[in-house]
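To be precise, the following lines are protein-v7.txt, and they hold compact mmCIF, N, CA and C atoms.
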# COMPACT_ATOMS: atom_id res chain seq x y z
N MET S 1 -9.89 -23.82 2.42
CA MET S 1 -8.98 -24.82 2.95
C MET S 1 -8.40 -25.68 1.84
N SER S 2 -9.18 -26.00 0.85
CA SER S 2 -8.68 -26.82 -0.25
C SER S 2 -7.63 -26.07 -1.05
N GLN S 3 -7.72 -24.72 -1.10
CA GLN S 3 -6.72 -23.94 -1.81
C GLN S 3 -5.37 -24.01 -1.09
N GLU S 4 -5.38 -24.03 0.25
CA GLU S 4 -4.14 -24.14 1.03
C GLU S 4 -3.47 -25.48 0.78
N ILE S 5 -4.26 -26.54 0.70
CA ILE S 5 -3.71 -27.87 0.44
C ILE S 5 -3.11 -27.91 -0.96
N GLN S 6 -3.79 -27.30 -1.92
CA GLN S 6 -3.27 -27.29 -3.29
C GLN S 6 -1.98 -26.50 -3.36
N LYS S 7 -1.87 -25.39 -2.60
CA LYS S 7 -0.64 -24.60 -2.60
C LYS S 7 0.52 -25.41 -2.05
N LYS S 8 0.26 -26.18 -1.00
CA LYS S 8 1.31 -26.99 -0.40
C LYS S 8 1.75 -28.11 -1.34
N LYS S 9 0.82 -28.63 -2.13
CA LYS S 9 1.14 -29.75 -2.99
C LYS S 9 1.79 -29.32 -4.30
N LYS S 10 1.70 -28.04 -4.65
CA LYS S 10 2.31 -27.59 -5.90
C LYS S 10 3.83 -27.67 -5.78
N MET S 11 4.43 -28.13 -6.84
CA MET S 11 5.87 -28.30 -6.85
C MET S 11 6.43 -27.72 -8.13
N ASP S 12 7.58 -27.12 -8.03
CA ASP S 12 8.24 -26.57 -9.21
C ASP S 12 8.84 -27.73 -10.00
N MET S 13 8.32 -28.01 -11.17
CA MET S 13 8.76 -29.12 -11.99
C MET S 13 9.63 -28.66 -13.15
N SER S 14 10.09 -27.42 -13.12
CA SER S 14 10.87 -26.89 -14.24
C SER S 14 12.21 -27.60 -14.42
N LYS S 15 12.76 -28.15 -13.33
CA LYS S 15 14.06 -28.84 -13.43
C LYS S 15 13.89 -30.34 -13.19
N ALA S 16 12.82 -30.88 -13.70
CA ALA S 16 12.51 -32.30 -13.48
C ALA S 16 13.52 -33.24 -14.13
N SER S 17 14.25 -32.76 -15.10
CA SER S 17 15.20 -33.62 -15.78
C SER S 17 16.49 -33.83 -14.99
N ARG S 18 16.67 -33.12 -13.90
CA ARG S 18 17.88 -33.27 -13.08
C ARG S 18 17.89 -34.63 -12.38
N GLY S 19 19.04 -35.04 -11.96
CA GLY S 19 19.22 -36.37 -11.41
C GLY S 19 18.85 -36.53 -9.95
N ILE S 20 18.45 -35.49 -9.26
CA ILE S 20 18.16 -35.62 -7.84
C ILE S 20 16.81 -35.00 -7.53
N TRP S 21 16.13 -35.61 -6.60
CA TRP S 21 14.84 -35.11 -6.14
C TRP S 21 14.88 -35.05 -4.63
N LEU S 22 14.41 -33.99 -4.08
CA LEU S 22 14.34 -33.85 -2.64
C LEU S 22 13.00 -34.39 -2.18
N VAL S 23 13.02 -35.50 -1.49
CA VAL S 23 11.79 -36.16 -1.10
C VAL S 23 11.34 -35.72 0.28
N LYS S 24 12.26 -35.62 1.21
CA LYS S 24 11.95 -35.21 2.57
C LYS S 24 12.76 -33.97 2.91
N VAL S 25 12.16 -33.13 3.74
CA VAL S 25 12.88 -31.96 4.22
C VAL S 25 12.91 -32.02 5.74
N PRO S 26 13.93 -31.46 6.35
CA PRO S 26 13.96 -31.42 7.81
C PRO S 26 12.77 -30.61 8.35
N ASN S 27 12.36 -30.92 9.57
CA ASN S 27 11.19 -30.28 10.17
C ASN S 27 11.31 -28.76 10.22
N TYR S 28 12.50 -28.26 10.60
CA TYR S 28 12.64 -26.81 10.71
C TYR S 28 12.51 -26.13 9.35
N VAL S 29 12.94 -26.79 8.28
CA VAL S 29 12.79 -26.23 6.94
C VAL S 29 11.31 -26.26 6.53
N ALA S 30 10.62 -27.35 6.87
CA ALA S 30 9.20 -27.45 6.55
C ALA S 30 8.40 -26.36 7.26
N GLN S 31 8.75 -26.06 8.52
CA GLN S 31 8.05 -25.01 9.27
C GLN S 31 8.32 -23.64 8.65
N MET S 32 9.57 -23.40 8.28
CA MET S 32 9.91 -22.12 7.64
C MET S 32 9.19 -22.01 6.30
N TRP S 33 9.09 -23.11 5.58
CA TRP S 33 8.45 -23.14 4.28
C TRP S 33 6.97 -22.78 4.38
N GLU S 34 6.31 -23.32 5.41
CA GLU S 34 4.90 -23.04 5.62
C GLU S 34 4.66 -21.57 5.98
N GLN S 35 5.58 -20.98 6.72
CA GLN S 35 5.40 -19.59 7.19
C GLN S 35 5.87 -18.57 6.18
N ALA S 36 6.67 -18.96 5.21
CA ALA S 36 7.26 -18.01 4.26
C ALA S 36 6.25 -17.62 3.18
N PRO S 37 6.41 -16.41 2.64
CA PRO S 37 5.58 -16.01 1.50
C PRO S 37 5.89 -16.91 0.29
N ASN S 38 5.00 -16.90 -0.70
CA ASN S 38 5.09 -17.82 -1.85
C ASN S 38 6.40 -17.74 -2.61
N ASP S 39 6.89 -16.55 -2.89
CA ASP S 39 8.07 -16.41 -3.74
C ASP S 39 9.39 -16.39 -2.96
N MET S 40 9.33 -16.55 -1.67
CA MET S 40 10.55 -16.47 -0.86
C MET S 40 11.30 -17.80 -0.87
N GLN S 41 12.62 -17.72 -1.03
CA GLN S 41 13.45 -18.91 -0.98
C GLN S 41 13.72 -19.23 0.48
N VAL S 42 13.44 -20.44 0.90
CA VAL S 42 13.55 -20.83 2.30
C VAL S 42 14.90 -21.46 2.61
N ALA S 43 15.38 -22.32 1.74
CA ALA S 43 16.63 -23.03 2.01
C ALA S 43 17.35 -23.28 0.69
N THR S 44 18.64 -23.52 0.81
CA THR S 44 19.46 -23.85 -0.34
C THR S 44 20.17 -25.17 -0.04
N MET S 45 20.25 -26.02 -1.05
CA MET S 45 20.93 -27.29 -0.87
C MET S 45 22.11 -27.33 -1.82
N ARG S 46 23.24 -27.69 -1.29
CA ARG S 46 24.45 -27.81 -2.10
C ARG S 46 24.89 -29.27 -2.06
N MET S 47 25.20 -29.82 -3.21
CA MET S 47 25.63 -31.21 -3.29
C MET S 47 27.01 -31.26 -3.91
N GLU S 48 27.82 -32.13 -3.35
CA GLU S 48 29.15 -32.35 -3.90
C GLU S 48 29.26 -33.82 -4.28
N LYS S 49 29.97 -34.06 -5.37
CA LYS S 49 30.18 -35.44 -5.78
C LYS S 49 31.28 -36.04 -4.93
N SER S 50 31.06 -37.28 -4.53
CA SER S 50 32.11 -37.97 -3.79
C SER S 50 33.15 -38.47 -4.79
N GLY S 51 34.26 -38.97 -4.30
CA GLY S 51 35.35 -39.44 -5.16
C GLY S 51 34.91 -40.55 -6.10
N ASP S 52 33.97 -41.40 -5.66
CA ASP S 52 33.52 -42.51 -6.49
C ASP S 52 32.62 -42.04 -7.62
N ASP S 53 31.89 -40.96 -7.41
CA ASP S 53 30.91 -40.51 -8.39
C ASP S 53 31.51 -39.64 -9.49
N LYS S 54 32.74 -39.22 -9.35
CA LYS S 54 33.33 -38.30 -10.32
C LYS S 54 33.51 -38.93 -11.69
N GLU S 55 33.85 -40.20 -11.73
CA GLU S 55 34.03 -40.88 -13.00
C GLU S 55 32.91 -41.88 -13.20
N PRO S 56 32.16 -41.75 -14.27
CA PRO S 56 31.13 -42.75 -14.50
C PRO S 56 31.76 -44.09 -14.82
N ALA S 57 31.25 -45.14 -14.22
CA ALA S 57 31.81 -46.47 -14.44
C ALA S 57 30.70 -47.43 -14.82
N LYS S 58 31.08 -48.48 -15.48
CA LYS S 58 30.11 -49.50 -15.85
C LYS S 58 29.75 -50.31 -14.60
N LYS S 59 28.56 -50.88 -14.61
CA LYS S 59 28.11 -51.65 -13.46
C LYS S 59 29.02 -52.85 -13.20
N ASP S 60 29.42 -53.53 -14.23
CA ASP S 60 30.22 -54.73 -14.07
C ASP S 60 31.64 -54.43 -13.62
N ASP S 61 32.11 -53.16 -13.87
CA ASP S 61 33.47 -52.82 -13.49
C ASP S 61 33.62 -52.83 -12.00
N GLY S 62 32.51 -51.18 -9.83
CA GLY S 62 32.54 -50.93 -8.40
C GLY S 62 32.73 -52.19 -7.73
N LYS S 63 31.65 -53.88 -9.24
CA LYS S 63 31.62 -55.20 -8.60
C LYS S 63 32.97 -55.88 -8.73
N ARG S 64 33.57 -55.86 -9.96
CA ARG S 64 34.88 -56.49 -10.15
C ARG S 64 35.95 -55.85 -9.28
N LYS S 65 35.92 -54.53 -9.20
CA LYS S 65 36.94 -53.85 -8.42
C LYS S 65 36.81 -54.17 -6.93
N LYS S 66 35.58 -54.29 -6.45
CA LYS S 66 35.39 -54.61 -5.04
C LYS S 66 35.77 -56.05 -4.75
N ASP S 67 35.38 -56.95 -5.65
CA ASP S 67 35.63 -58.36 -5.42
C ASP S 67 37.03 -58.80 -5.82
N ALA S 68 37.70 -57.98 -6.60
CA ALA S 68 39.01 -58.38 -7.10
C ALA S 68 40.02 -58.46 -5.96
N THR S 69 40.75 -59.53 -5.93
CA THR S 69 41.82 -59.68 -4.96
C THR S 69 43.12 -59.77 -5.74
N LYS S 70 44.18 -59.38 -5.11
CA LYS S 70 45.47 -59.44 -5.76
C LYS S 70 45.91 -60.91 -5.81
N VAL S 71 46.11 -61.41 -6.99
CA VAL S 71 46.51 -62.79 -7.16
C VAL S 71 48.00 -62.89 -6.86
N LEU S 72 48.32 -63.70 -5.88
CA LEU S 72 49.71 -63.91 -5.49
C LEU S 72 50.31 -65.03 -6.34
N SER S 73 51.60 -65.18 -6.25
CA SER S 73 52.25 -66.26 -6.98
C SER S 73 51.88 -67.60 -6.33
N LYS S 74 52.01 -68.65 -7.10
CA LYS S 74 51.66 -69.98 -6.62
C LYS S 74 52.48 -70.35 -5.37
N GLU S 75 53.74 -69.98 -5.37
CA GLU S 75 54.61 -70.29 -4.23
C GLU S 75 54.14 -69.58 -2.96
N ASN S 76 53.76 -68.30 -3.10
CA ASN S 76 53.29 -67.56 -1.94
C ASN S 76 51.99 -68.15 -1.38
N ILE S 77 51.11 -68.53 -2.27
CA ILE S 77 49.85 -69.12 -1.83
C ILE S 77 50.11 -70.47 -1.16
N MET S 78 51.03 -71.26 -1.73
CA MET S 78 51.36 -72.55 -1.14
C MET S 78 51.97 -72.36 0.24
N ASP S 79 52.82 -71.36 0.42
CA ASP S 79 53.39 -71.08 1.74
C ASP S 79 52.30 -70.75 2.75
N MET S 80 51.33 -69.93 2.33
CA MET S 80 50.24 -69.57 3.22
C MET S 80 49.40 -70.80 3.58
N LEU S 81 49.19 -71.67 2.60
CA LEU S 81 48.42 -72.89 2.86
C LEU S 81 49.17 -73.82 3.81
N PHE S 82 50.47 -73.99 3.60
CA PHE S 82 51.26 -74.85 4.49
C PHE S 82 51.25 -74.31 5.92
N GLN S 83 51.35 -73.00 6.06
CA GLN S 83 51.29 -72.40 7.40
C GLN S 83 49.94 -72.67 8.07
N ALA S 84 48.88 -72.58 7.28
CA ALA S 84 47.55 -72.84 7.82
C ALA S 84 47.41 -74.30 8.24
N PHE S 85 47.91 -75.21 7.39
CA PHE S 85 47.77 -76.63 7.70
C PHE S 85 48.69 -77.07 8.84
N GLU S 86 49.66 -76.24 9.22
CA GLU S 86 50.44 -76.54 10.42
C GLU S 86 49.61 -76.34 11.67
N LYS S 87 48.63 -75.44 11.60
CA LYS S 87 47.77 -75.17 12.75
C LYS S 87 46.65 -76.19 12.89
N HIS S 88 46.03 -76.55 11.76
CA HIS S 88 44.92 -77.50 11.75
C HIS S 88 45.09 -78.47 10.59
N GLN S 89 44.57 -79.67 10.77
CA GLN S 89 44.72 -80.69 9.73
C GLN S 89 43.71 -80.53 8.62
N TYR S 90 42.51 -80.09 8.93
CA TYR S 90 41.43 -79.99 7.95
C TYR S 90 40.92 -78.56 7.85
N TYR S 91 40.60 -78.14 6.64
CA TYR S 91 40.03 -76.82 6.38
C TYR S 91 38.96 -76.92 5.30
N THR S 92 37.94 -76.09 5.42
CA THR S 92 36.98 -75.96 4.33
C THR S 92 37.57 -75.00 3.30
N LEU S 93 37.06 -75.07 2.10
CA LEU S 93 37.54 -74.18 1.04
C LEU S 93 37.27 -72.72 1.40
N LYS S 94 36.14 -72.49 2.03
CA LYS S 94 35.78 -71.12 2.42
C LYS S 94 36.78 -70.57 3.44
N ASP S 95 37.20 -71.39 4.38
CA ASP S 95 38.19 -70.95 5.37
C ASP S 95 39.53 -70.64 4.71
N LEU S 96 39.94 -71.49 3.78
CA LEU S 96 41.20 -71.27 3.08
C LEU S 96 41.13 -70.02 2.20
N GLN S 97 39.97 -69.77 1.65
CA GLN S 97 39.79 -68.56 0.85
C GLN S 97 39.91 -67.32 1.74
N PHE S 98 39.37 -67.38 2.94
CA PHE S 98 39.47 -66.27 3.88
C PHE S 98 40.92 -66.05 4.32
N ILE S 99 41.63 -67.13 4.56
CA ILE S 99 43.03 -67.03 5.02
C ILE S 99 43.93 -66.46 3.93
N THR S 100 43.78 -66.95 2.71
CA THR S 100 44.70 -66.54 1.63
C THR S 100 44.22 -65.33 0.84
N LYS S 101 42.94 -64.99 0.95
CA LYS S 101 42.35 -63.87 0.20
C LYS S 101 42.48 -64.09 -1.32
N GLN S 102 42.32 -65.34 -1.74
CA GLN S 102 42.41 -65.69 -3.15
C GLN S 102 41.08 -66.26 -3.61
N SER S 103 40.87 -66.28 -4.92
CA SER S 103 39.61 -66.78 -5.46
C SER S 103 39.52 -68.30 -5.31
N VAL S 104 38.31 -68.79 -5.40
CA VAL S 104 38.07 -70.23 -5.28
C VAL S 104 38.78 -70.99 -6.40
N PHE S 105 38.79 -70.42 -7.59
CA PHE S 105 39.40 -71.09 -8.74
C PHE S 105 40.90 -71.27 -8.56
N VAL S 106 41.56 -70.24 -8.06
CA VAL S 106 43.00 -70.31 -7.83
C VAL S 106 43.30 -71.34 -6.75
N LEU S 107 42.53 -71.29 -5.65
CA LEU S 107 42.76 -72.23 -4.56
C LEU S 107 42.52 -73.68 -4.97
N LYS S 108 41.46 -73.93 -5.71
CA LYS S 108 41.18 -75.30 -6.13
C LYS S 108 42.29 -75.85 -7.02
N ALA S 109 42.82 -75.02 -7.88
CA ALA S 109 43.90 -75.46 -8.76
C ALA S 109 45.12 -75.88 -7.95
N ILE S 110 45.44 -75.11 -6.93
CA ILE S 110 46.61 -75.42 -6.10
C ILE S 110 46.32 -76.60 -5.18
N LEU S 111 45.12 -76.62 -4.59
CA LEU S 111 44.77 -77.70 -3.66
C LEU S 111 44.71 -79.06 -4.35
N LYS S 112 44.39 -79.09 -5.62
CA LYS S 112 44.38 -80.37 -6.34
C LYS S 112 45.79 -80.96 -6.41
N ASP S 113 46.80 -80.09 -6.39
CA ASP S 113 48.19 -80.55 -6.44
C ASP S 113 48.70 -80.99 -5.08
N ILE S 114 48.35 -80.25 -4.04
CA ILE S 114 48.96 -80.51 -2.72
C ILE S 114 48.01 -81.08 -1.69
N GLY S 115 46.73 -81.18 -2.01
CA GLY S 115 45.77 -81.61 -1.01
C GLY S 115 44.85 -82.71 -1.46
N ASP S 116 44.17 -83.29 -0.47
CA ASP S 116 43.15 -84.31 -0.72
C ASP S 116 41.82 -83.77 -0.22
N TYR S 117 40.78 -83.98 -1.02
CA TYR S 117 39.43 -83.58 -0.63
C TYR S 117 38.81 -84.74 0.13
N SER S 118 38.47 -84.51 1.38
CA SER S 118 37.99 -85.57 2.24
C SER S 118 36.51 -85.85 2.01
N LYS S 119 36.19 -87.12 1.83
CA LYS S 119 34.80 -87.53 1.71
C LYS S 119 34.38 -88.33 2.94
N ASP S 120 35.29 -88.43 3.89
CA ASP S 120 35.03 -89.11 5.14
C ASP S 120 33.93 -88.36 5.90
N PRO S 121 32.93 -89.06 6.44
CA PRO S 121 31.82 -88.36 7.11
C PRO S 121 32.26 -87.43 8.24
N ALA S 122 33.34 -87.76 8.91
CA ALA S 122 33.81 -86.91 10.01
C ALA S 122 34.36 -85.57 9.51
N HIS S 123 34.96 -85.57 8.34
CA HIS S 123 35.57 -84.35 7.79
C HIS S 123 35.10 -84.13 6.35
N ARG S 124 33.82 -84.31 6.13
CA ARG S 124 33.26 -84.19 4.80
C ARG S 124 33.40 -82.76 4.27
N GLN S 125 33.70 -82.65 3.00
CA GLN S 125 33.85 -81.38 2.30
C GLN S 125 34.97 -80.51 2.88
N MET S 126 36.03 -81.16 3.34
CA MET S 126 37.19 -80.45 3.87
C MET S 126 38.45 -80.92 3.16
N TRP S 127 39.45 -80.07 3.18
CA TRP S 127 40.72 -80.36 2.53
C TRP S 127 41.77 -80.67 3.59
N GLU S 128 42.68 -81.59 3.25
CA GLU S 128 43.87 -81.85 4.05
C GLU S 128 45.05 -82.04 3.11
N LEU S 129 46.24 -81.91 3.63
CA LEU S 129 47.43 -82.06 2.79
C LEU S 129 47.62 -83.51 2.39
N LYS S 130 48.21 -83.73 1.21
CA LYS S 130 48.58 -85.08 0.79
C LYS S 130 49.68 -85.58 1.72
N GLU S 131 49.83 -86.90 1.78
CA GLU S 131 50.78 -87.50 2.72
C GLU S 131 52.20 -86.99 2.52
N GLU S 132 52.61 -86.77 1.27
CA GLU S 132 54.00 -86.33 1.04
C GLU S 132 54.27 -84.92 1.55
N TYR S 133 53.21 -84.14 1.81
CA TYR S 133 53.39 -82.77 2.31
C TYR S 133 53.15 -82.66 3.82
N ARG S 134 52.65 -83.72 4.43
CA ARG S 134 52.34 -83.68 5.86
C ARG S 134 53.60 -83.81 6.69
N HIS S 135 53.67 -83.03 7.72
CA HIS S 135 54.72 -83.20 8.74
C HIS S 135 54.17 -82.71 10.08
N TYR S 136 53.12 -83.41 10.51
CA TYR S 136 52.47 -83.05 11.75
C TYR S 136 53.35 -83.44 12.93
N GLN S 137 53.28 -82.63 13.95
CA GLN S 137 54.03 -82.94 15.16
C GLN S 137 53.24 -83.95 15.97
N LYS S 138 53.95 -84.96 16.50
CA LYS S 138 53.29 -85.97 17.31
C LYS S 138 53.09 -85.39 18.72
N PRO S 139 51.98 -85.75 19.36
CA PRO S 139 51.76 -85.29 20.73
C PRO S 139 52.85 -85.81 21.65
N GLU S 140 53.17 -85.07 22.69
CA GLU S 140 54.28 -85.41 23.59
C GLU S 140 54.04 -86.69 24.36
N ASN S 141 52.79 -87.03 24.65
CA ASN S 141 52.51 -88.23 25.45
C ASN S 141 52.73 -89.52 24.67
N GLU S 142 52.93 -89.46 23.35
CA GLU S 142 53.17 -90.66 22.55
C GLU S 142 54.65 -90.97 22.39
N THR S 143 55.54 -90.16 22.93
CA THR S 143 56.98 -90.44 22.79
C THR S 143 57.36 -91.62 23.65
N LYS S 144 58.29 -92.46 23.15
CA LYS S 144 58.70 -93.67 23.87
C LYS S 144 60.06 -93.50 24.48

Write the structure described by the file as structure tokens, please.
Amino acid sequence: MSQEIQKKKKMDMSKASRGIWLVKVPNYVAQMWEQAPNDMQVATMRMEKSGDDKEPAKKDDGKRKKDATKVLSKENIMDMLFQAFEKHQYYTLKDLQFITKQSVFVLKAILKDIGDYSKDPAHRQMWELKEEYRHYQKPENETK
């Protein structure tokens, strides 16, 4: 019985330098493997490289490419911000980043020019437009 266990545990290590190891096999392959004679090939595995794996890339490069957003012109970003502030008076930086799809650094640079960072407890850590850029619509019930 110990010889059977040793036979099952023996593994062909001749190609150990290859980049892939088969750790688990499907049940039907394992059953065929147990029933097959020692020298019989039970299954064949074919691997294809995906489009991402064809070119080796540096680690710092899948992160920059994934996180990189297309930087728009200052005017386009300002237009997007003005449209957003027409809907709501206050926004967090994270919300504005989601709306414009721009980096925090780009947004902060623009918001320093056109916005005020609120330290008021009601709207803490939120941005609003400076007074010269505001043109909020007054509610209809306040008309005289």

With only C-alpha atoms as the counted atoms, please give the residues lying no more than 12 Å from S:Lys74, apart from itself and same-chain residues fewer than 6 positions off, as a PyMOL selection string. chain S and resi 80-81+100+102+106-111+113-114

If I take atom C of S:Lys101 and atom N of S:Gln89, how far is one from the other in Å, to one decimal?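 A separation of 19.8 Å between them.
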
Polymer residues at most 8 Å from S:Ser118, all atoms listed in the file, same-chain spacing of 5 or more positions, as a VMD selection string: chain S and resid 123 to 128

For the residues in that selection, give me N, CA and C atoms as a CSV table (one decimal), in the coordinates of the input.
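File produced: result.csv:
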chain,number,residue,atom,x,y,z
S,123,HIS,N,35.0,-85.6,8.3
S,123,HIS,CA,35.6,-84.4,7.8
S,123,HIS,C,35.1,-84.1,6.4
S,124,ARG,N,33.8,-84.3,6.1
S,124,ARG,CA,33.3,-84.2,4.8
S,124,ARG,C,33.4,-82.8,4.3
S,125,GLN,N,33.7,-82.6,3.0
S,125,GLN,CA,33.8,-81.4,2.3
S,125,GLN,C,35.0,-80.5,2.9
S,126,MET,N,36.0,-81.2,3.3
S,126,MET,CA,37.2,-80.4,3.9
S,126,MET,C,38.4,-80.9,3.2
S,127,TRP,N,39.4,-80.1,3.2
S,127,TRP,CA,40.7,-80.4,2.5
S,127,TRP,C,41.8,-80.7,3.6
S,128,GLU,N,42.7,-81.6,3.2
S,128,GLU,CA,43.9,-81.8,4.0
S,128,GLU,C,45.0,-82.0,3.1

Looking at only N, CA and C atoms, which of S:Glu86, S:Gln31, S:Ser73, S:Asp39 is the one that sits closest to S:His135?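 Ranking S:Glu86, S:Gln31, S:Ser73, S:Asp39 by distance to S:His135, first place goes to S:Glu86.
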
Min atom-atom distance to S:Asp116 from the set S:Val29, S:Leu129, S:Ile77, S:Ala16, counting only N, CA and C atoms, belongs to S:Leu129

Counting only C-alpha atoms, what is within 10 Å of S:Val104, bar same-chain residues fewer than 5 positions away, as a ChimeraX atom specification? /S:93-94,96-97,109

Residue nearest S:Phe105 - candidates S:Lys87, S:Lys119, S:Val71, S:Lys15, atoms counted: only C-alpha atoms: S:Val71

Could you state the separation of atom CA of S:Met32 and atom N of S:Met13 in Å, given to one decimal place?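 It comes out at 19.8 Å.
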
Taking all atoms of stretch 33-43 of chain S that appear in the file, build a box with edges along x, y and z, extend it by 6 Å on every side, and state its centre and edge lengths in Å to one decimal, as AutoDock Vina command-line options.
--center_x 11.0 --center_y -19.7 --center_z 1.7 --size_x 24.7 --size_y 19.3 --size_z 22.9

One decimal, in Å: what's the spacing between atom CA of S:Asn27 and atom CA of S:Lys49? 25.3 Å
